[in-house]
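What follows is the content of work_27.txt, which has compact mmCIF, C-alpha atoms:
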```
# COMPACT_ATOMS: atom_id res chain seq x y z
CA MET A 1297 -69.03 -78.87 -90.00
CA LYS A 1298 -72.63 -79.97 -90.26
CA ILE A 1299 -73.03 -83.26 -92.07
CA LYS A 1300 -76.22 -83.96 -93.95
CA ARG A 1301 -77.19 -87.22 -95.62
CA PHE A 1302 -79.06 -87.34 -98.90
CA PRO A 1303 -81.76 -89.73 -100.06
CA PHE A 1304 -80.46 -90.27 -103.60
CA PRO A 1305 -80.29 -94.05 -104.15
CA SER A 1306 -77.34 -93.63 -106.49
CA LEU A 1307 -75.43 -91.84 -103.77
CA CYS A 1308 -75.96 -94.73 -101.40
CA VAL A 1309 -74.59 -97.11 -103.99
CA MET A 1310 -71.46 -95.04 -104.50
CA ALA A 1311 -71.12 -94.67 -100.73
CA LEU A 1312 -71.24 -90.90 -100.76
CA ALA A 1313 -71.11 -90.14 -97.08
CA ALA A 1314 -71.67 -86.41 -96.89
CA MET A 1315 -71.79 -83.11 -98.66
CA SER A 1316 -71.46 -79.73 -97.03
CA THR A 1317 -71.76 -76.14 -98.15
CA VAL A 1318 -69.31 -75.04 -95.47
CA ALA A 1319 -66.60 -73.08 -97.27
CA THR A 1320 -63.13 -74.52 -97.19
CA SER A 1321 -59.81 -72.92 -96.49
CA ALA A 1322 -56.92 -73.07 -98.90
CA PRO A 1323 -53.96 -75.34 -98.28
CA SER A 1324 -51.86 -74.15 -95.40
CA GLY A 1325 -48.56 -72.39 -96.00
CA PRO A 1326 -47.34 -69.92 -98.59
CA ALA A 1327 -47.69 -70.41 -102.32
CA SER A 1328 -44.03 -69.85 -103.11
CA SER A 1329 -43.52 -73.59 -103.63
CA LYS A 1330 -46.33 -75.65 -105.10
CA ASP A 1331 -47.10 -78.78 -107.07
CA VAL A 1332 -49.10 -78.74 -110.28
CA THR A 1333 -50.15 -81.52 -112.63
CA VAL A 1334 -49.31 -80.76 -116.25
CA THR A 1335 -49.96 -82.40 -119.60
CA VAL A 1336 -46.68 -83.45 -121.17
CA VAL A 1337 -46.18 -83.89 -124.90
CA ASN A 1338 -42.65 -85.25 -125.13
CA GLY A 1339 -40.52 -83.98 -127.99
CA ARG A 1340 -39.18 -87.47 -128.61
CA ASP A 1341 -42.75 -88.68 -129.15
CA LEU A 1342 -43.45 -85.73 -131.44
CA VAL A 1343 -40.55 -86.63 -133.68
CA GLN A 1344 -40.99 -90.41 -133.59
CA GLY A 1345 -44.76 -90.21 -133.96
CA HIS A 1346 -44.44 -88.11 -137.08
CA SER A 1347 -41.80 -90.35 -138.68
CA SER A 1348 -43.65 -93.59 -137.89
CA GLY A 1349 -47.23 -92.40 -138.32
CA THR A 1350 -48.21 -93.55 -134.82
CA ASN A 1351 -50.53 -91.67 -132.49
CA LEU A 1352 -48.94 -89.06 -130.24
CA ALA A 1353 -48.47 -90.20 -126.64
CA LEU A 1354 -49.55 -87.85 -123.86
CA HIS A 1355 -48.32 -88.05 -120.28
CA SER A 1356 -48.97 -86.56 -116.86
CA ALA A 1357 -46.24 -85.02 -114.78
CA ARG A 1358 -46.38 -83.65 -111.26
CA LEU A 1359 -44.12 -80.60 -111.19
CA SER A 1360 -42.93 -78.70 -108.16
CA LEU A 1361 -42.90 -75.06 -109.19
CA THR A 1362 -40.77 -72.68 -107.20
CA SER A 1363 -41.89 -69.10 -107.63
CA HIS A 1364 -39.04 -66.87 -106.51
CA ALA A 1365 -41.16 -63.76 -106.10
CA PRO A 1366 -43.10 -61.74 -103.54
CA PRO A 1367 -46.64 -62.96 -102.88
CA ALA A 1368 -49.33 -61.66 -105.21
CA GLN A 1369 -51.94 -61.26 -102.49
CA VAL A 1370 -51.98 -61.25 -98.71
CA MET A 1371 -55.17 -62.95 -97.62
CA GLY A 1372 -56.49 -64.98 -94.71
CA GLN A 1373 -57.68 -68.56 -94.91
CA ASP A 1374 -61.38 -67.95 -94.27
CA HIS A 1375 -63.11 -68.51 -97.60
CA ARG A 1376 -66.49 -67.64 -96.11
CA HIS A 1377 -65.65 -63.98 -96.58
CA GLU A 1378 -67.00 -62.00 -99.51
CA GLY A 1379 -64.56 -61.24 -102.27
CA LEU A 1380 -63.19 -64.76 -102.71
CA VAL A 1381 -64.03 -67.40 -105.30
CA PRO A 1382 -66.93 -69.44 -103.84
CA LEU A 1383 -65.99 -72.95 -102.73
CA TRP A 1384 -67.90 -75.90 -101.34
CA THR A 1385 -66.50 -78.97 -99.64
CA PHE A 1386 -67.26 -82.62 -100.15
CA HIS A 1387 -66.69 -85.61 -97.92
CA VAL A 1388 -67.04 -88.97 -99.66
CA THR A 1389 -66.28 -92.60 -98.91
CA GLY A 1390 -64.95 -93.92 -102.19
CA ALA A 1391 -66.58 -97.09 -103.45
CA ARG A 1392 -63.32 -97.89 -105.24
CA ASP A 1393 -61.16 -97.94 -102.13
CA GLY A 1394 -63.49 -97.72 -99.11
CA LEU A 1395 -61.58 -94.71 -97.76
CA ASN A 1396 -62.77 -91.24 -96.77
CA HIS A 1397 -61.89 -88.33 -99.04
CA VAL A 1398 -62.42 -84.62 -98.46
CA GLY A 1399 -62.01 -81.86 -101.01
CA ALA A 1400 -63.27 -78.57 -102.34
CA MET A 1401 -64.78 -77.35 -105.60
CA VAL A 1402 -65.64 -73.96 -107.05
CA GLY A 1403 -69.29 -72.99 -106.86
CA THR A 1404 -72.02 -74.03 -104.45
CA ASN A 1405 -73.04 -77.49 -103.28
CA PRO A 1406 -75.22 -79.03 -106.03
CA PHE A 1407 -76.90 -81.30 -103.51
CA THR A 1408 -78.20 -78.60 -101.19
CA THR A 1409 -77.55 -75.16 -102.66
CA LYS A 1410 -78.88 -74.98 -106.20
CA LYS A 1411 -77.69 -71.49 -106.98
CA THR A 1412 -75.82 -69.68 -109.69
CA SER A 1413 -72.19 -68.87 -108.95
CA ARG A 1414 -70.59 -66.15 -111.07
CA ILE A 1415 -66.81 -65.98 -111.07
CA PRO A 1416 -65.27 -62.98 -112.86
CA ALA A 1417 -62.67 -64.08 -115.41
CA PHE A 1418 -59.89 -62.02 -116.94
CA ILE A 1419 -58.32 -63.07 -120.24
CA ILE A 1420 -54.81 -61.60 -120.10
CA PRO A 1421 -53.19 -61.64 -123.56
CA MET A 1422 -49.44 -62.19 -123.66
CA ILE A 1423 -47.11 -60.48 -126.14
CA VAL A 1424 -43.98 -62.58 -125.77
CA THR A 1425 -40.59 -61.77 -127.27
CA THR A 1426 -37.79 -64.33 -127.16
CA HIS A 1427 -34.19 -63.63 -128.17
CA THR A 1428 -32.94 -67.11 -129.04
CA VAL A 1429 -33.79 -69.20 -132.10
CA ALA A 1430 -33.32 -72.95 -132.55
CA VAL A 1431 -31.07 -73.65 -135.55
CA SER A 1432 -30.30 -77.36 -135.12
CA PHE A 1433 -31.77 -80.46 -133.49
CA ASP A 1434 -30.01 -83.58 -132.23
CA SER A 1435 -32.51 -86.42 -132.63
CA GLU A 1436 -30.52 -88.63 -130.24
CA THR A 1437 -30.33 -86.24 -127.27
CA GLY A 1438 -33.16 -83.82 -128.02
CA ILE A 1439 -30.81 -80.84 -127.68
CA LEU A 1440 -31.66 -77.77 -129.74
CA GLY A 1441 -28.70 -75.79 -131.02
CA THR A 1442 -29.40 -72.08 -130.80
CA ALA A 1443 -28.38 -68.69 -132.16
CA PRO A 1444 -29.46 -65.13 -131.33
CA GLY A 1445 -32.73 -64.07 -132.90
CA ASN A 1446 -35.82 -62.12 -131.91
CA VAL A 1447 -39.32 -63.58 -132.30
CA THR A 1448 -42.55 -62.05 -130.99
CA LEU A 1449 -45.89 -63.87 -130.70
CA ASN A 1450 -48.91 -61.75 -129.83
CA SER A 1451 -52.15 -63.33 -128.58
CA ASN A 1452 -53.94 -59.99 -128.93
CA ALA A 1453 -53.15 -59.15 -132.58
CA PRO A 1454 -54.28 -60.47 -135.96
CA ASP A 1455 -52.23 -63.41 -137.24
CA ASN A 1456 -52.70 -64.38 -140.88
CA THR A 1457 -50.05 -67.11 -140.81
CA CYS A 1458 -51.79 -69.75 -138.69
CA LEU A 1459 -55.27 -68.18 -138.58
CA THR A 1460 -57.62 -66.76 -141.20
CA ALA A 1461 -59.46 -63.44 -141.12
CA PRO A 1462 -61.86 -62.45 -139.71
CA ASN A 1463 -61.16 -65.05 -136.98
CA ASN A 1464 -57.48 -64.27 -136.62
CA VAL A 1465 -57.12 -62.64 -133.18
CA PRO A 1466 -56.47 -65.35 -130.52
CA SER A 1467 -57.76 -63.36 -127.52
CA GLN A 1468 -61.01 -62.55 -129.32
CA LEU A 1469 -61.42 -66.17 -130.38
CA VAL A 1470 -61.00 -67.27 -126.76
CA TYR A 1471 -63.52 -64.69 -125.57
CA GLN A 1472 -66.03 -65.80 -128.24
CA SER A 1473 -65.52 -69.50 -127.48
CA PRO A 1474 -68.12 -71.80 -125.87
CA VAL A 1475 -65.91 -71.82 -122.76
CA PHE A 1476 -67.07 -68.25 -122.10
CA GLN A 1477 -70.15 -67.76 -124.32
CA PRO A 1478 -73.36 -69.79 -124.21
CA ALA A 1479 -73.96 -72.67 -126.57
CA SER A 1480 -76.48 -75.50 -126.61
CA PHE A 1481 -75.07 -78.59 -124.92
CA THR A 1482 -76.73 -82.00 -125.24
CA PHE A 1483 -74.86 -84.99 -123.88
CA GLY A 1484 -76.09 -88.35 -125.15
CA GLY A 1485 -79.49 -86.96 -126.04
CA THR A 1486 -79.93 -85.18 -122.71
CA PHE A 1487 -80.07 -81.39 -122.84
CA VAL A 1488 -78.03 -79.89 -120.02
CA GLY A 1489 -78.35 -76.22 -120.90
CA TYR A 1490 -77.71 -73.31 -123.22
CA THR A 1491 -74.69 -72.19 -121.31
CA GLN A 1492 -70.89 -72.21 -121.07
CA TYR A 1493 -69.05 -75.50 -121.49
CA ILE A 1494 -67.69 -75.86 -117.95
CA ASP A 1495 -71.11 -75.03 -116.52
CA ALA A 1496 -72.69 -77.65 -118.77
CA PHE A 1497 -70.10 -80.14 -117.56
CA GLN A 1498 -70.81 -79.40 -113.88
CA ARG A 1499 -74.55 -79.81 -114.43
CA ALA A 1500 -73.90 -83.15 -116.14
CA ASN A 1501 -71.33 -84.12 -113.51
CA PHE A 1502 -73.93 -83.91 -110.71
CA PHE A 1503 -77.04 -84.56 -112.82
CA ALA A 1504 -78.76 -86.75 -110.21
CA ALA A 1505 -78.56 -83.86 -107.78
CA VAL A 1506 -79.34 -80.87 -109.99
CA GLY A 1507 -82.08 -82.57 -112.04
CA ASP A 1508 -83.17 -81.63 -115.54
CA ASP A 1509 -84.08 -77.98 -114.90
CA PRO A 1510 -81.61 -75.95 -117.01
CA ASP A 1511 -81.77 -73.00 -114.64
CA ASN A 1512 -81.44 -74.43 -111.15
CA TYR A 1513 -77.64 -74.71 -110.88
CA HIS A 1514 -74.79 -72.90 -112.60
CA VAL A 1515 -71.07 -72.30 -112.22
CA LEU A 1516 -70.36 -69.48 -114.66
CA PHE A 1517 -67.32 -67.45 -115.59
CA GLU A 1518 -69.04 -64.09 -115.61
CA PRO A 1519 -68.31 -61.35 -116.41
CA VAL A 1520 -65.46 -62.13 -118.79
CA ARG A 1521 -63.09 -59.34 -119.74
CA ILE A 1522 -60.05 -59.08 -121.99
CA THR A 1523 -57.46 -56.96 -120.23
CA SER A 1524 -54.79 -54.80 -121.74
CA PRO A 1525 -52.05 -57.07 -123.13
CA VAL A 1526 -48.84 -57.83 -121.27
CA VAL A 1527 -45.52 -57.32 -123.04
CA ILE A 1528 -42.96 -59.87 -121.83
CA ASP A 1529 -39.31 -59.65 -122.79
CA VAL A 1530 -37.93 -63.11 -122.03
CA PRO A 1531 -34.26 -63.44 -121.04
CA ALA A 1532 -32.26 -65.22 -123.72
CA ASN A 1533 -31.66 -68.27 -121.52
CA GLU A 1534 -35.31 -68.61 -120.46
CA GLY A 1535 -36.98 -68.97 -123.84
CA LEU A 1536 -36.45 -69.74 -127.50
CA ALA A 1537 -38.36 -69.89 -130.76
CA ILE A 1538 -38.63 -72.60 -133.39
CA THR A 1539 -39.16 -70.81 -136.68
CA ASN A 1540 -38.91 -73.84 -138.97
CA GLY A 1541 -41.00 -76.93 -138.31
CA ARG A 1542 -38.79 -78.95 -140.65
CA LEU A 1543 -36.00 -78.56 -138.11
CA VAL A 1544 -37.59 -81.38 -136.11
CA GLY A 1545 -39.01 -83.24 -139.08
CA ARG A 1546 -42.44 -81.63 -138.97
CA PRO A 1547 -43.17 -79.85 -142.28
CA ASP A 1548 -46.87 -79.75 -141.33
CA VAL A 1549 -46.23 -77.43 -138.35
CA CYS A 1550 -47.39 -73.83 -138.59
CA ALA A 1551 -44.40 -71.88 -137.28
CA PRO A 1552 -43.14 -70.03 -135.38
CA GLY A 1553 -43.65 -71.46 -131.93
CA GLN A 1554 -42.00 -70.52 -128.67
CA ILE A 1555 -40.75 -72.51 -125.67
CA LEU A 1556 -40.63 -70.73 -122.29
CA ASP A 1557 -39.11 -71.97 -119.04
CA ILE A 1558 -42.04 -72.88 -116.81
CA ASN A 1559 -40.36 -71.96 -113.53
CA TRP A 1560 -39.22 -68.57 -114.82
CA PHE A 1561 -42.65 -67.88 -116.29
CA ASP A 1562 -44.57 -68.87 -113.15
CA SER A 1563 -42.26 -66.72 -111.04
CA TYR A 1564 -42.96 -63.81 -113.39
CA ILE A 1565 -46.70 -64.35 -112.98
CA ASN A 1566 -46.50 -64.45 -109.20
CA GLY A 1567 -43.98 -61.68 -108.70
CA THR A 1568 -44.87 -59.22 -111.45
CA LEU A 1569 -48.12 -59.86 -113.29
CA LEU A 1570 -50.57 -60.66 -110.51
CA PRO A 1571 -49.64 -57.61 -108.43
CA ALA A 1572 -49.70 -55.41 -111.55
CA PHE A 1573 -53.20 -56.51 -112.54
CA ALA A 1574 -54.71 -55.76 -109.14
CA SER A 1575 -55.41 -52.27 -110.47
CA GLN A 1576 -57.47 -53.80 -113.28
CA GLY A 1577 -59.65 -55.74 -110.86
CA VAL A 1578 -57.80 -59.07 -110.65
CA ASN A 1579 -58.23 -60.29 -107.08
CA PRO A 1580 -58.93 -63.51 -105.14
CA GLY A 1581 -62.59 -63.30 -106.14
CA SER A 1582 -61.69 -63.68 -109.80
CA VAL A 1583 -59.76 -66.04 -112.09
CA PRO A 1584 -57.09 -64.56 -114.36
CA ILE A 1585 -56.19 -66.61 -117.43
CA PHE A 1586 -52.75 -65.91 -118.87
CA LEU A 1587 -53.14 -66.48 -122.60
CA LEU A 1588 -50.16 -67.62 -124.66
CA TYR A 1589 -50.28 -68.07 -128.41
CA ASP A 1590 -48.41 -71.01 -129.95
CA ALA A 1591 -46.07 -70.97 -126.95
CA PHE A 1592 -45.18 -74.03 -124.87
CA LEU A 1593 -43.61 -74.47 -121.45
CA ALA A 1594 -40.66 -76.65 -120.49
CA SER A 1595 -37.56 -76.81 -118.30
CA PRO A 1596 -34.96 -76.52 -119.71
CA VAL A 1597 -36.05 -74.88 -122.94
CA ASP A 1598 -33.26 -76.17 -125.18
CA ASN A 1599 -34.05 -79.87 -124.87
CA LEU A 1600 -37.03 -80.94 -126.92
CA PHE A 1601 -37.20 -84.23 -125.02
CA SER A 1602 -38.12 -82.29 -121.83
CA CYS A 1603 -40.81 -80.35 -123.68
CA CYS A 1604 -43.72 -79.57 -123.78
CA PHE A 1605 -46.36 -78.43 -121.29
CA VAL A 1606 -49.31 -76.60 -122.82
CA GLY A 1607 -51.14 -75.33 -119.74
CA TYR A 1608 -51.76 -75.60 -116.03
CA HIS A 1609 -53.85 -74.14 -113.22
CA SER A 1610 -52.35 -72.99 -109.95
CA PHE A 1611 -52.60 -70.56 -107.02
CA ALA A 1612 -50.76 -67.69 -105.36
CA GLY A 1613 -50.84 -65.69 -102.13
CA GLU A 1614 -49.55 -65.56 -98.56
CA PRO A 1615 -49.92 -66.35 -95.69
CA ALA A 1616 -52.20 -68.85 -97.43
CA PRO A 1617 -52.98 -69.39 -101.12
CA SER A 1618 -55.99 -67.36 -102.19
CA GLN A 1619 -55.56 -66.35 -105.83
CA LEU A 1620 -56.47 -69.01 -108.38
CA TYR A 1621 -55.15 -68.61 -111.92
CA SER A 1622 -54.52 -70.56 -115.10
CA VAL A 1623 -51.99 -70.51 -117.91
CA VAL A 1624 -53.14 -71.77 -121.31
CA ASP A 1625 -51.78 -71.91 -124.82
CA PHE A 1626 -54.14 -71.16 -127.70
CA ASP A 1627 -52.39 -73.53 -130.02
CA VAL A 1628 -52.91 -73.75 -133.76
CA THR A 1629 -49.43 -74.97 -134.73
CA GLY A 1630 -50.71 -78.45 -135.57
CA VAL A 1631 -48.08 -79.99 -133.27
CA PHE A 1632 -50.60 -81.50 -130.88
CA PRO A 1633 -53.66 -83.73 -131.30
CA PHE A 1634 -55.79 -80.91 -129.87
CA GLN A 1635 -56.37 -77.38 -131.10
CA ASN A 1636 -57.43 -73.89 -130.03
CA THR A 1637 -59.55 -74.05 -126.82
CA ALA A 1638 -59.06 -77.74 -125.92
CA VAL A 1639 -56.36 -76.80 -123.39
CA LEU A 1640 -58.54 -74.01 -121.95
CA ALA A 1641 -61.45 -76.42 -121.44
CA HIS A 1642 -59.10 -78.93 -119.78
CA GLU A 1643 -57.55 -76.44 -117.36
CA LEU A 1644 -60.70 -74.53 -116.35
CA GLY A 1645 -62.58 -77.80 -115.86
CA GLU A 1646 -59.83 -78.82 -113.45
CA LEU A 1647 -59.66 -75.41 -111.77
CA VAL A 1648 -63.36 -75.73 -110.89
CA ASN A 1649 -63.18 -79.36 -109.74
CA ASP A 1650 -59.72 -79.37 -108.13
CA PRO A 1651 -58.88 -75.71 -107.50
CA TYR A 1652 -55.73 -76.31 -105.45
CA GLY A 1653 -54.73 -79.56 -107.13
CA ASP A 1654 -55.01 -81.50 -103.88
CA ASN A 1655 -58.47 -83.09 -103.93
CA GLN A 1656 -57.38 -86.64 -103.13
CA VAL A 1657 -59.20 -89.52 -104.84
CA PRO A 1658 -58.68 -93.29 -105.01
CA PRO A 1659 -55.62 -93.83 -107.23
CA TRP A 1660 -56.41 -94.14 -110.92
CA GLY A 1661 -54.26 -94.49 -114.00
CA HIS A 1662 -53.29 -96.08 -117.31
CA THR A 1663 -55.62 -93.82 -119.26
CA GLY A 1664 -55.50 -90.43 -120.91
CA GLN A 1665 -52.21 -88.73 -120.14
CA GLN A 1666 -51.42 -90.93 -117.12
CA PRO A 1667 -49.41 -94.08 -117.94
CA GLY A 1668 -48.90 -94.73 -114.22
CA CYS A 1669 -51.02 -93.84 -111.19
CA GLN A 1670 -52.45 -90.48 -110.10
CA GLU A 1671 -54.39 -89.52 -106.97
CA ASN A 1672 -56.08 -86.15 -107.52
CA LEU A 1673 -59.37 -85.04 -109.00
CA GLU A 1674 -58.03 -83.61 -112.25
CA VAL A 1675 -61.04 -84.12 -114.50
CA GLY A 1676 -59.13 -83.46 -117.73
CA ASP A 1677 -56.16 -85.78 -117.26
CA PRO A 1678 -57.94 -89.15 -117.73
CA LEU A 1679 -59.19 -88.01 -121.15
CA THR A 1680 -56.44 -85.74 -122.47
CA GLY A 1681 -56.56 -85.88 -126.25
CA THR A 1682 -60.20 -87.06 -126.31
CA SER A 1683 -62.36 -84.38 -127.90
CA MET A 1684 -66.01 -83.49 -127.66
CA PRO A 1685 -67.95 -82.94 -130.87
CA PRO A 1686 -66.66 -79.63 -132.24
CA VAL A 1687 -68.76 -76.53 -131.59
CA THR A 1688 -69.20 -73.81 -134.22
CA MET A 1689 -70.05 -70.47 -132.67
CA PRO A 1690 -71.84 -67.44 -134.23
CA ASN A 1691 -68.45 -66.05 -135.32
CA GLY A 1692 -68.16 -69.02 -137.71
CA TYR A 1693 -65.11 -70.48 -135.95
CA THR A 1694 -65.14 -74.14 -134.95
CA TYR A 1695 -63.83 -74.87 -131.46
CA ASP A 1696 -62.24 -77.93 -129.93
CA LEU A 1697 -63.34 -78.88 -126.42
CA GLN A 1698 -61.94 -81.75 -124.39
CA GLU A 1699 -64.14 -84.42 -122.85
CA LEU A 1700 -63.91 -84.48 -119.04
CA ALA A 1701 -64.30 -87.24 -116.43
CA PHE A 1702 -67.12 -87.18 -113.87
CA PHE A 1703 -66.86 -87.18 -110.09
CA SER A 1704 -68.34 -90.70 -110.11
CA TRP A 1705 -65.54 -92.01 -112.31
CA PHE A 1706 -62.97 -91.15 -109.66
CA PHE A 1707 -64.89 -92.36 -106.59
CA GLY A 1708 -66.82 -95.29 -108.09
CA GLY A 1709 -70.20 -96.89 -107.63
CA GLN A 1710 -73.34 -96.00 -109.55
CA SER A 1711 -72.91 -92.81 -111.51
CA ILE A 1712 -74.66 -89.61 -110.46
CA GLY A 1713 -73.72 -88.12 -113.83
CA VAL A 1714 -75.96 -87.56 -116.83
CA ASN A 1715 -77.21 -90.73 -118.57
CA GLY A 1716 -75.49 -92.80 -115.88
CA TRP A 1717 -72.23 -92.03 -117.69
CA TYR A 1718 -68.81 -91.46 -116.15
CA SER A 1719 -67.70 -88.72 -118.58
CA ASN A 1720 -69.64 -86.13 -120.50
CA ASN A 1721 -69.37 -87.69 -123.96
CA GLY A 1722 -69.79 -91.27 -122.81
CA THR A 1723 -66.22 -92.45 -123.37
CA PHE A 1724 -66.25 -93.72 -119.79
CA LEU A 1725 -69.25 -95.98 -119.15
CA THR A 1726 -67.83 -97.48 -115.95
CA ASP A 1727 -65.79 -96.07 -113.09
CA ALA A 1728 -61.98 -96.16 -112.91
CA GLY A 1729 -61.98 -99.69 -111.52
CA PRO A 1730 -59.80 -101.03 -108.69
CA ALA A 1731 -57.47 -98.52 -107.10
CA CYS A 1732 -54.38 -98.15 -109.26
CA GLY A 1733 -51.46 -100.08 -107.84
CA ASP A 1734 -53.59 -102.60 -105.93
```

Can you present the structure in this file as structure tokens?
Amino acid sequence: MKIKRFPFPSLCVMALAAMSTVATSAPSGPASSKDVTVTVVNGRDLVQGHSSGTNLALHSARLSLTSHAPPAQVMGQDHRHEGLVPLWTFHVTGARDGLNHVGAMVGTNPFTTKKTSRIPAFIIPMIVTTHTVAVSFDSETGILGTAPGNVTLNSNAPDNTCLTAPNNVPSQLVYQSPVFQPASFTFGGTFVGYTQYIDAFQRANFFAAVGDDPDNYHVLFEPVRITSPVVIDVPANEGLAITNGRLVGRPDVCAPGQILDINWFDSYINGTLLPAFASQGVNPGSVPIFLLYDAFLASPVDNLFSCCFVGYHSFAGEPAPSQLYSVVDFDVTGVFPFQNTAVLAHELGELVNDPYGDNQVPPWGHTGQQPGCQENLEVGDPLTGTSMPPVTMPNGYTYDLQELAFFSWFFGGQSIGVNGWYSNNGTFLTDAGPACGD
């Protein structure tokens, strides 16, 4: 690997040792067992927060997902080949801990290769039918009593219960969102581009490197396509529906909502959906996004106190992981302190900046959804629940986007981000401070 040093004064301050455009390989070993970081909204907090009027607490959890399924793709580890999502590697000495850190991001190196990366994205709408309905709730244990009952939620069809025409088809709303369509983004008075949100974030993230030219560096999801929907018939023990928000003391909830077992669902993605969508062009050079509508993930599904996860990003493939993907809920139930595309912005921001979930950083914590310490470059987690100014698109719908933390916040020293900030709406004006746990 050729190491090149850069003359940016701010980089010297933050002790950035090296950047390289050499493509990285994926983590070694199969993707049948993997760890993902998820946002947890605990059912106990949902109930207690509503009854007491306190703010909803959000938490991070590191889950080990076991996908009992054949591999989705069989690919090698050489990411320099055509047909794979472009990656660049970084090598940095963290100013917060004085240690060396190496990782990979989607796109090209903003310090040396100011190019436009285009990553095809597939929005895969889910039509999910569950066969169990919650009929009682024990507020002491969190256990949901259940009975047979069929409920279907369709992210590709009009819904006039929780949405309003003409903006009442979740998959279309996602496609028309500023995550995938251009909008004008100005952070703290600095224009960073008429572009997609994640691209605007990356430009702001490395502003000292890319400069103020709106066209000299991009990481775009393009083209974006809505696939044919997927019909999923969930086994009775792997999912349930809550059809009455008052069951858990939430009359303000727009029901129904579903809870799916995260391990069963991820296995279904790896073993059934990814191979099936190869014929529609989903491959390791693209990012499929599995779109749920008002559906949450948990394990087990019948205990509200072990619920809820609203999205994650992950990988699949053998002999080495090669296929990146994300699962997101387009949520308009009113259960959470974020709506519509906030989860999508969170997960795709992290997929770009920490594609395999293993970009190690100096430990940080006690902010966002992390009450303890965390050690990976998940740009959404430190600010979960912190929104950007809402964006109204030409369709007339107003979108929620989550604020994201900059590279400099994790590694420390003088910021190379826009305005000298450490996050793209200025919530973080300093780095993460001493390594968590020191």

Task: Of the listed residues A:Trp1717, A:Leu1383, A:Pro1686, A:Arg1392, that which approaches Gly1729 (chain A) most closely, counting all atoms listed in the file - done: A:Arg1392

TODO: Determine, counting only C-alpha atoms, which protein, DNA and RNA residues have an atom within 6 Å of an atom of region 1443-1455 of chain A; residues of the same chain fewer than 3 positions away are not included. Present the result as an MDAnalysis selection string.
DONE: chainID A and resid 1421:1429 1459 1464:1467 1589

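Minimum atom-to-atom distance to Ile1415 (chain A), evaluated using all atoms listed in the file, belongs to A:Asn1579 out of A:Asn1501, A:Thr1457, A:Asn1579, A:Asn1396.
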
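Ranking A:Asn1463, A:Ser1622, A:Gln1698, A:Thr1437 by their shortest atom-to-atom distance to Phe1497 (chain A), with all atoms listed in the file included, puts A:Gln1698 first.
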
TODO: Considering only C-alpha atoms, return as a PyMOL selection string whatever protein or nucleic-acid residues lie within 7 Å of region 1661-1675 of chain A, sequence-local ones (same chain, fewer than 2 positions apart) excluded.
DONE: chain A and resi 1335+1354-1356+1645-1646+1649-1650+1653-1659+1677-1680+1700-1702+1732

Keeping only C-alpha atoms, take the residues you just selected and write them out as a JSON list (two decimals), keeping the file's coordinate frame.
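Okay, selection.json is ready:
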```json
[["chain", "number", "residue", "atom", "x", "y", "z"],
["A", 1335, "THR", "CA", -49.96, -82.40, -119.60],
["A", 1354, "LEU", "CA", -49.55, -87.85, -123.86],
["A", 1355, "HIS", "CA", -48.32, -88.05, -120.28],
["A", 1356, "SER", "CA", -48.97, -86.56, -116.86],
["A", 1645, "GLY", "CA", -62.58, -77.80, -115.86],
["A", 1646, "GLU", "CA", -59.83, -78.82, -113.45],
["A", 1649, "ASN", "CA", -63.18, -79.36, -109.74],
["A", 1650, "ASP", "CA", -59.72, -79.37, -108.13],
["A", 1653, "GLY", "CA", -54.73, -79.56, -107.13],
["A", 1654, "ASP", "CA", -55.01, -81.50, -103.88],
["A", 1655, "ASN", "CA", -58.47, -83.09, -103.93],
["A", 1656, "GLN", "CA", -57.38, -86.64, -103.13],
["A", 1657, "VAL", "CA", -59.20, -89.52, -104.84],
["A", 1658, "PRO", "CA", -58.68, -93.29, -105.01],
["A", 1659, "PRO", "CA", -55.62, -93.83, -107.23],
["A", 1677, "ASP", "CA", -56.16, -85.78, -117.26],
["A", 1678, "PRO", "CA", -57.94, -89.15, -117.73],
["A", 1679, "LEU", "CA", -59.19, -88.01, -121.15],
["A", 1680, "THR", "CA", -56.44, -85.74, -122.47],
["A", 1700, "LEU", "CA", -63.91, -84.48, -119.04],
["A", 1701, "ALA", "CA", -64.30, -87.24, -116.43],
["A", 1702, "PHE", "CA", -67.12, -87.18, -113.87],
["A", 1732, "CYS", "CA", -54.38, -98.15, -109.26]]
```

Counting only C-alpha atoms, which residues sit no farther than 8 Å from the position (-64.2, -70.7, -118.8) in the file's frame? I'd like them as a compact mmCIF listing (two decimals) with C-alpha atoms, keeping the file's coordinate frame.
```txt
# COMPACT_ATOMS: atom_id res chain seq x y z
CA ALA A 1417 -62.67 -64.08 -115.41
CA VAL A 1475 -65.91 -71.82 -122.76
CA PHE A 1476 -67.07 -68.25 -122.10
CA GLN A 1492 -70.89 -72.21 -121.07
CA TYR A 1493 -69.05 -75.50 -121.49
CA ILE A 1494 -67.69 -75.86 -117.95
CA LEU A 1516 -70.36 -69.48 -114.66
CA PHE A 1517 -67.32 -67.45 -115.59
CA LEU A 1640 -58.54 -74.01 -121.95
CA ALA A 1641 -61.45 -76.42 -121.44
CA LEU A 1644 -60.70 -74.53 -116.35
CA GLY A 1645 -62.58 -77.80 -115.86
```
